[in-house]
Amino acid sequence: MREFDLIIVGSGSGNSILTEEYQDLNVAIVEPGTFGGTCLNVGCIPTKMYVYPATVAAEVKDAARLGVEASVNSVDWPAIRDRIFGRTDAISEGGLEYRESMENVTVIREYVHFVEPMVLETDSGERITAPQIVLANGSRVQLPDVPGIDLPGVHTSDTVMRLDELPESIIVVGGGYIAAEFCTCSTVWVPRSPSSTVPSASCGNTTTRLPNGSSVRPPNSGICS
Ligand SMILES: Cc1cc2nc3c(=O)[nH]c(=O)nc-3n(C[C@H](O)[C@H](O)[C@H](O)COP(=O)(O)OP(=O)(O)OC[C@H]3O[C@@H](n4cnc5c(N)ncnc54)[C@H](O)[C@@H]3O)c2cc1C
């Protein structure tokens, strides 16, 4: 069994724990997924980077009110997507390389689970232990239990931001802040409304709020947030 002074599970907020004060400790960071966790890779940062061009497009649409004639002619989805992930992927990769280069830090790229008090086991069967273990393993996307939820057009916040092609339309399931952000981003995700050839440039060309308790049937394309 490998022994550490400190084990951190999760490289999101968990990674930010490791400041200079820890340089004398033998530390393991456990991260099976994309280094940097949710906020950097599939959460706060990419969504904000989508909201910005969406806001620019919305302001252009609104410019006529101020006496400025302008229009949004097209939205280059791959360019927006690649700009965002070109930056965040580089930060993720740089963060992983930096941690792996540290003499006192071991990065373990596997899932772990507890098998005994203060003992974790990796998916490949290795056991690790430490007197202090930080669980910074975040949360996961949860899909509603409705028929068809596994159809290919159903996306989650983990997957929708990297689509190769834009869907014709999007239904956002959910009404929290993440759903609101995705509605704003529909400016860039759905550049043409289904019923017209005019590029949309506002918070969802058509927003229909279904009453509480409405059942949602699986859409051809949709996001569960
Ligand atoms: C679309 C979206 C937008 C958001 N926008 C905002 C925002 O604007 N502002 C804000 O404050 N918050 C926002 N959030 C929430 C924010 O991203 C999360 O609250 C935050 O990232 C959680 O950080 P964390 O360190 O707890 O977990 P995470 O960053 O999720 O990190 C947990 C890590 O643990 C790893 N892990 C999980 N289980 C195991 C295991 N068994 N073994 C090993 N590793 C494991 C995972 O691979 C993951 O990388 C947003 C979230 C989403 C999805």
# chains A, B, ... in the order shown; residues from 1 in each chain; ligands from 1
>>> residues_near_ligand(ligand="ligand 1", cutoff="9 Å", atoms="only C-alpha atoms and all ligand atoms", output="ChimeraX atom specification")
/A:8-16,29-48,108-114,122-123,135-141,156-158,177-179,181-182,225
>>> write_last_selection(atoms="C-alpha atoms", output="short mmCIF file (atom, residue, chain, number, x, y, z; two decimals), in the first residue's frame")
data_model
loop_
_atom_site.label_atom_id
_atom_site.label_comp_id
_atom_site.auth_asym_id
_atom_site.auth_seq_id
_atom_site.Cartn_x
_atom_site.Cartn_y
_atom_site.Cartn_z
CA ILE A 8 -6.66 14.97 -2.51
CA VAL A 9 -9.46 13.39 -4.52
CA GLY A 10 -10.45 15.69 -7.40
CA SER A 11 -8.47 18.32 -9.28
CA GLY A 12 -11.04 21.13 -9.35
CA SER A 13 -11.07 23.08 -6.12
CA GLY A 14 -8.90 20.24 -4.76
CA ASN A 15 -6.00 21.35 -6.94
CA SER A 16 -6.08 24.86 -5.48
CA ILE A 29 -3.88 14.16 -6.29
CA VAL A 30 -6.38 11.69 -7.72
CA GLU A 31 -8.04 12.75 -10.96
CA PRO A 32 -9.34 10.30 -13.57
CA GLY A 33 -10.98 12.94 -15.73
CA THR A 34 -9.92 16.17 -17.37
CA PHE A 35 -7.50 17.92 -15.04
CA GLY A 36 -8.98 21.05 -13.49
CA GLY A 37 -12.45 19.68 -12.83
CA THR A 38 -15.85 21.07 -13.71
CA CYS A 39 -15.36 24.82 -13.49
CA LEU A 40 -12.45 24.97 -15.91
CA ASN A 41 -13.50 22.27 -18.36
CA VAL A 42 -17.31 22.00 -18.48
CA GLY A 43 -18.64 24.63 -16.10
CA CYS A 44 -18.20 28.25 -15.09
CA ILE A 45 -15.41 29.23 -17.44
CA PRO A 46 -16.54 27.83 -20.83
CA THR A 47 -20.12 28.92 -20.20
CA LYS A 48 -19.00 32.47 -19.42
CA ILE A 108 -3.07 9.33 -9.99
CA ARG A 109 -5.26 9.19 -13.09
CA GLU A 110 -7.90 6.77 -11.83
CA TYR A 111 -11.16 6.67 -9.90
CA VAL A 112 -10.83 5.72 -6.25
CA HIS A 113 -13.21 4.45 -3.62
CA PHE A 114 -12.87 3.74 0.08
CA THR A 122 -7.98 2.72 -7.45
CA ASP A 123 -9.92 1.06 -10.26
CA LEU A 135 -12.65 14.71 -0.81
CA ALA A 136 -13.07 17.35 -3.50
CA ASN A 137 -14.86 15.04 -5.92
CA GLY A 138 -17.63 17.46 -6.83
CA SER A 139 -20.94 16.39 -8.30
CA ARG A 140 -22.11 14.75 -11.52
CA VAL A 141 -24.67 15.44 -14.17
CA THR A 156 -25.80 17.48 -20.95
CA SER A 157 -23.74 20.44 -19.89
CA ASP A 158 -20.75 18.09 -20.03
CA TYR A 177 -28.78 29.37 -13.51
CA ILE A 178 -27.09 26.89 -15.80
CA ALA A 179 -30.26 26.59 -17.90
CA GLU A 181 -26.93 30.57 -19.31
CA PHE A 182 -27.64 28.01 -21.98
CA SER A 225 -28.88 21.00 -17.21
#
>>> select_by_dssp(residues="segment 78-200 of chain A", states="strand (DSSP E)", output="list in words")
Val105, Thr106, Val107, Ile108, Val112, His113, Phe114, Val115, Glu116, Val119, Leu120, Glu121, Thr122, Arg127, Ile128, Thr129, Gln132, Ile133, Val134, Leu135, Val154, His155, Thr156, Ile171, Val172 and Val173 of chain A
>>> atom_distance(atom1="atom CA of Pro152 of chain A", atom2="atom CA of Cys183 of chain A")
20.5 Å
